[in-house]
Every structure is written in structure tokens, then in C-alpha cells.
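See structure below.
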Amino acid sequence: RAAILDGMQMPVVELHLHLEGTLEPELVFSLAERNGVDLPYADVDDLRSRFAFADLQSFLELYNANMAVLRTGADFHEMTDAYLSRAAAAGVRHAEVFLDLQAHTGRGLRAAEVLDGVTSALAASREKHDLTSGLIVTVLRHLPGREALETVREVIDLGAPVLGIGMCSTELTAHAADFAPAFQLARAHGLRRTAHAGEEGPAQNVADVLDILRVERVDHGVRAMEDPDLVRRLVDERVPLTVCPVSNVRLKGVETLADHPLRRMLDAGLVVTINSDDPAYFGAYLDEVVDRTTEALDLGPHHLRALARNAVESAWVDDARRNELR
Ligand code: HPA
Ligand code: ZN
């Protein structure tokens with residue numbers, strides 16, 4: 001890649017990635033065959049042809065439907081390892097990845113088996129892919145807050161190696177306050193906290209997850225740009241925003257990559273990082289997201305350095321690892 005050939009420091013930390021969003025059509029089909037799951041698609045090309053989304057909701061429907069092929073711990077291990085391998089090829093050296101645990105327990109899978117499949121692959125990532133990693137279990141905003149609390153409690157009771165709790169899925173219905181008990185429990189047990197906000201929802205949602213859920217990062221957060229007071233606060237408090245420009249275009253939050261606010265956000269002094277979100281569905285892993293965004297927004301070396309520095313600063317790693325990543 002041109003940028004690497006120039007010796008420029010690239011973002012090497014990925015902080016916003018859904019493991020289920022890395023299920024490539026080929027893997028969907030091979031897992032379906034292994035598990036005897038009937039797919040409503042003729043072949044991988046037919047599935048790929050459906051990756052034209054009108055909005056977040058239409059994406060979530062396909063993303064959730066394809067999870068049906070994930071049945072055993074081995075399936076989760078294979079999906080996770082395939083992502084780590086691709087991420088390593090993209091130059092990623094540290095990844096903090098989301099898992100929609102409730103989407104799987106809701107289909108009758110055991111939390112312990114799902115978590116074991118994922119965490120066993122993550123535990124091997126340093127040896128196998130020269131990449132460190134951490135797991136963020138997400139609670140789903142379209143489900144009741146009570147179920148989020150039960151999920152956090154189960155994660156804690158299982159003693160699984162989990163770095164933190166996140167929140168994703170549709171942003172337009174439930175209020176952040178419904179999830180305060182779940183995030184409070186996570187905080188009491190030393191889990192890190194982040195939440196999707198300001199992707200399709202208004203700037204107020206960003207303030208709400210900070211004030212009510214006491215999150216340490218915000219996933220997306222692009223609509224914070226609609227509120228200058230909030231921008232000032234995010235700059236002052238150095239709140240990391242894990243921005244996913246290709247995702248925002250593919251889910252029609254932003255018309256084209258050239259219209260994306262990422263460059264304006266950096267220039268405003270926000271702690272912006274760049275990420276891939278659901279790379280199998282949006283057609284771009286982190287290296288491709290960086291390349292396309294750099295070209296569309298004409299980012300300069302100082303922008304790329306800021307993105308790299310912000311991601312290292314925002315990662316939930318100890319000082320020793322942070323220094324290695326610098
Ligand atoms: N937003 C909300 N929920 C999600 C996303 C997203 O971009 N990707 C996977 N789940
Ligand atoms: Zn996301």
C-alpha cells in the first residue's frame with residue numbers, strides 16, 4: 001500500500017469492530033453446510049448482492065439473520081480467527097472487538113460456549129497473528145434493559161476474560177437510562193464501558209451515554225458535530241470517538257465518503273479514531289477504510305498520524321503495551 005511504502009505511521013489499532021460483521025459470505029455458506037442450516041440465498045454471489053442497505057435497520061436484519069449459521073464454540077472460534085488473520089494482514093497490531101452475546105443466547109446457545117469459542121481465538125492472537133486483542137460484550141438496545149443487566153451479570157459470573165461492555169443495535173427507540181443498571185454493574189466490576197451513539201440518533205444520545213451510562217468512549221458519535229457545545233465538551237474531556245466512515249456511507253448516514261465529517265472532526269480537535277465496523281458487509285477492512293477515506297477526504301500525514309495516535313491513546317491497554325504500539 002502506498003501509505004506504508006511512504007513509511008507513514010498508519011492506524012494500527014482497531015477499536016470498533018463487530019465479530020459477527022466479519023462473517024464473509026464464503027464462511028456463511030461453509031458454516032451453514034457444516035451445521036445443516038438452510039440459507040435463503042442461491043450462492044455467495046446472491047448473498048453478496050444483498051449488501052445494498054437502505055439504513056441501519058435493513059443492515060441489522062441481514063446481519064442478524066446470518067448469525068443462524070453460528071452454532072458451536074468452534075464456529076465462533078473460526079469466525080474470530082479469520083478476522084484476526086485478515087486484520088493482521090491490514091497491519092492491525094491491537095484490536096478490541098464486539099460480540100453481540102445476547103443475539104446468540106437468544107437463539108438458545110450457551111453463553112459459556114460462545115464466549116469460550118471467541119476468547120480462545122483471541123487468547124492465541126499474539127502468538128498466531130502478532131496482534132493483541134480484547135473482547136467487548138455488547139448489549140442490544142432493541143432488547144429490554146433488564147436483559148442487558150442479566151447479560152452483564154452472566155458475563156461476570158462466568159469469569160470470562162472480557163475487557164468491557166458496549167451497546168449497539170438500533171439507537172432510535174430505547175432511552176439510554178434503561179441500560180443504566182447494566183452499565184453500573186459493569187463499572188462496579190471493573191469492566192470498561194463504551195456505547196454506540198450519534199450514528200443514526202441525535203447528538204443528545206451522545207451526551208446521554210456519557211452522563212447516564214458513564215461510558216469512556218463513544219462508538220460513531222458523528223452526529224455530535226450538530227451540537228457545538230457538545231463538541232467542545234468532547235474535546236475538553238478527550239472522549240474518544242470510534243468513527244467508521246465507510247459504514248456511515250453504506251448505511252446512508254452520510255451521502256458519500258467525500259461528505260464525511262471525519263476530517264472536520266479531527267480539525268476540531270476531537271479524539272477521532274478510524275475503524276471498519278462490519279467489514280464483510282461494508283466491503284472494507286481497516287486498511288481499505290483508511291485508504292479510501294484518505295483519498296476521498298484528501299487526508300494529510302498529520303491527519304493520519306493523529307488517527308494513529310488517537311487510537312493508541314484510546315485503547316484499553318496497559319502502559320507497557322501502549323508504549324509498544326506508539
Ligand atoms: N450500529 C449499531 N449496531 C450495529 C452496528 C452499527 O453500526 N453494526 C453492528 N451492530
Ligand atoms: Zn458498530
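In the C-alpha cells, the first chain shown is A, the next is B, and so on; residue numbers restart at 1 for each chain, and ligands run from 1 in the order shown.
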
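Residues of protein or nucleic acid lying within 7 Å of ligand 2, counting only C-alpha atoms and all ligand atoms, are His16, Leu17, His18, Cys168, His196, Asp219 and Asp277 of chain A.
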
Same residues, N, CA and C atoms, output as a CSV table (one decimal), in the first residue's frame:
chain,number,residue,atom,x,y,z
A,16,HIS,N,-13.4,-0.5,16.9
A,16,HIS,CA,-14.9,-0.6,16.6
A,16,HIS,C,-15.1,-1.6,15.5
A,17,LEU,N,-15.3,-2.9,16.0
A,17,LEU,CA,-15.4,-4.0,15.0
A,17,LEU,C,-16.4,-5.0,15.6
A,18,HIS,N,-17.4,-5.4,14.9
A,18,HIS,CA,-18.3,-6.4,15.4
A,18,HIS,C,-17.9,-7.7,14.8
A,168,CYS,N,-25.1,-1.7,21.3
A,168,CYS,CA,-25.3,-1.4,19.9
A,168,CYS,C,-26.7,-1.7,19.5
A,196,HIS,N,-22.6,2.7,21.3
A,196,HIS,CA,-22.9,3.3,20.1
A,196,HIS,C,-23.8,4.5,20.4
A,219,ASP,N,-19.0,5.1,20.4
A,219,ASP,CA,-18.8,4.5,19.1
A,219,ASP,C,-19.7,5.2,18.1
A,277,ASP,N,-16.0,-1.4,11.5
A,277,ASP,CA,-17.4,-1.7,12.0
A,277,ASP,C,-17.8,-3.1,11.6

Next item on the list: Excluding A:Ser125 and any residue of its chain fewer than 4 positions from it, enumerate the residues within 10 Å of it, using only C-alpha atoms, and give them as a list in words.
Entry: Thr80, Asp81, Leu84, Ser85, Ala88, Arg93, His94, Ala95, Thr119, Ser120, Ala121, His129, Asp130, Leu131, Thr132, Ser133 and Gly134 of chain A

Notebook entry, point to check: Which polymer residues have any atom within 9 Å of an atom of A:Phe51, counting only C-alpha atoms, with same-chain residues fewer than 6 positions away left out, as a PyMOL selection string?
Noted result: chain A and resi 59+62+250+281-283

Mind dumping the selected residues with N, CA and C atoms as a PDB file, in the first residue's frame?
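Okay, part.pdb is ready:
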ATOM      1  N   PHE A  59     -29.665  -3.208   7.367  1.00  0.00           N
ATOM      2  CA  PHE A  59     -28.421  -3.955   7.585  1.00  0.00           C
ATOM      3  C   PHE A  59     -28.582  -4.928   8.747  1.00  0.00           C
ATOM      4  N   LEU A  62     -30.238  -8.349   7.968  1.00  0.00           N
ATOM      5  CA  LEU A  62     -29.410  -9.359   7.289  1.00  0.00           C
ATOM      6  C   LEU A  62     -28.300  -9.877   8.210  1.00  0.00           C
ATOM      7  N   ARG A 250     -22.266   3.372   3.773  1.00  0.00           N
ATOM      8  CA  ARG A 250     -23.021   2.188   3.367  1.00  0.00           C
ATOM      9  C   ARG A 250     -24.396   2.120   4.034  1.00  0.00           C
ATOM     10  N   TYR A 281     -19.651  -6.933   5.466  1.00  0.00           N
ATOM     11  CA  TYR A 281     -20.874  -6.377   4.872  1.00  0.00           C
ATOM     12  C   TYR A 281     -20.634  -5.062   4.136  1.00  0.00           C
ATOM     13  N   PHE A 282     -19.618  -4.310   4.607  1.00  0.00           N
ATOM     14  CA  PHE A 282     -19.401  -2.985   4.019  1.00  0.00           C
ATOM     15  C   PHE A 282     -18.254  -2.989   3.011  1.00  0.00           C
ATOM     16  N   GLY A 283     -17.636  -4.174   2.844  1.00  0.00           N
ATOM     17  CA  GLY A 283     -16.649  -4.334   1.776  1.00  0.00           C
ATOM     18  C   GLY A 283     -15.321  -3.651   2.010  1.00  0.00           C
TER      19      GLY A 283
END

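Between A:Pro181 and the residues A:Gly253, A:Pro245, A:Gly91, A:Pro144, the shortest atom-to-atom distance, using only C-alpha atoms, involves A:Pro144.
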
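The shell of residues at most 9 Å from A:Thr170, with only C-alpha atoms counted and near chain neighbours (fewer than 4 positions) removed, consists of Leu56, Gln57, Leu60, Leu140, Arg141, His142, Ala174, Glu200 and Gly201 of chain A.
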
Print the selection's residues with N, CA and C atoms to a file, as a PDB file, in the first residue's frame.
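Result saved to part_25.pdb:
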ATOM      1  N   LEU A  56     -29.548   1.626   8.775  1.00  0.00           N
ATOM      2  CA  LEU A  56     -29.027   0.708   9.797  1.00  0.00           C
ATOM      3  C   LEU A  56     -29.954  -0.493   9.974  1.00  0.00           C
ATOM      4  N   GLN A  57     -31.267  -0.226  10.044  1.00  0.00           N
ATOM      5  CA  GLN A  57     -32.210  -1.311  10.304  1.00  0.00           C
ATOM      6  C   GLN A  57     -32.150  -2.395   9.225  1.00  0.00           C
ATOM      7  N   LEU A  60     -29.120  -4.434   9.867  1.00  0.00           N
ATOM      8  CA  LEU A  60     -29.222  -5.274  11.065  1.00  0.00           C
ATOM      9  C   LEU A  60     -30.042  -6.534  10.792  1.00  0.00           C
ATOM     10  N   LEU A 140     -27.772  -5.217  23.569  1.00  0.00           N
ATOM     11  CA  LEU A 140     -28.533  -4.773  22.397  1.00  0.00           C
ATOM     12  C   LEU A 140     -29.638  -3.811  22.823  1.00  0.00           C
ATOM     13  N   ARG A 141     -29.617  -2.640  22.218  1.00  0.00           N
ATOM     14  CA  ARG A 141     -30.519  -1.557  22.627  1.00  0.00           C
ATOM     15  C   ARG A 141     -31.971  -1.837  22.247  1.00  0.00           C
ATOM     16  N   HIS A 142     -32.210  -2.773  21.330  1.00  0.00           N
ATOM     17  CA  HIS A 142     -33.615  -3.073  20.996  1.00  0.00           C
ATOM     18  C   HIS A 142     -34.232  -4.071  21.981  1.00  0.00           C
ATOM     19  N   ALA A 174     -35.177   2.794  22.371  1.00  0.00           N
ATOM     20  CA  ALA A 174     -34.990   2.836  23.822  1.00  0.00           C
ATOM     21  C   ALA A 174     -34.144   4.031  24.265  1.00  0.00           C
ATOM     22  N   GLU A 200     -27.127   7.062  14.010  1.00  0.00           N
ATOM     23  CA  GLU A 200     -28.376   7.499  13.388  1.00  0.00           C
ATOM     24  C   GLU A 200     -29.162   8.389  14.344  1.00  0.00           C
ATOM     25  N   GLY A 201     -28.843   8.293  15.628  1.00  0.00           N
ATOM     26  CA  GLY A 201     -29.533   9.098  16.630  1.00  0.00           C
ATOM     27  C   GLY A 201     -28.882  10.466  16.777  1.00  0.00           C
TER      28      GLY A 201
END

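The smallest atom-to-atom distance between A:Leu304 and any of A:Ala284, A:Leu122, A:Ala207, A:Met10, using only C-alpha atoms, is found for A:Met10.
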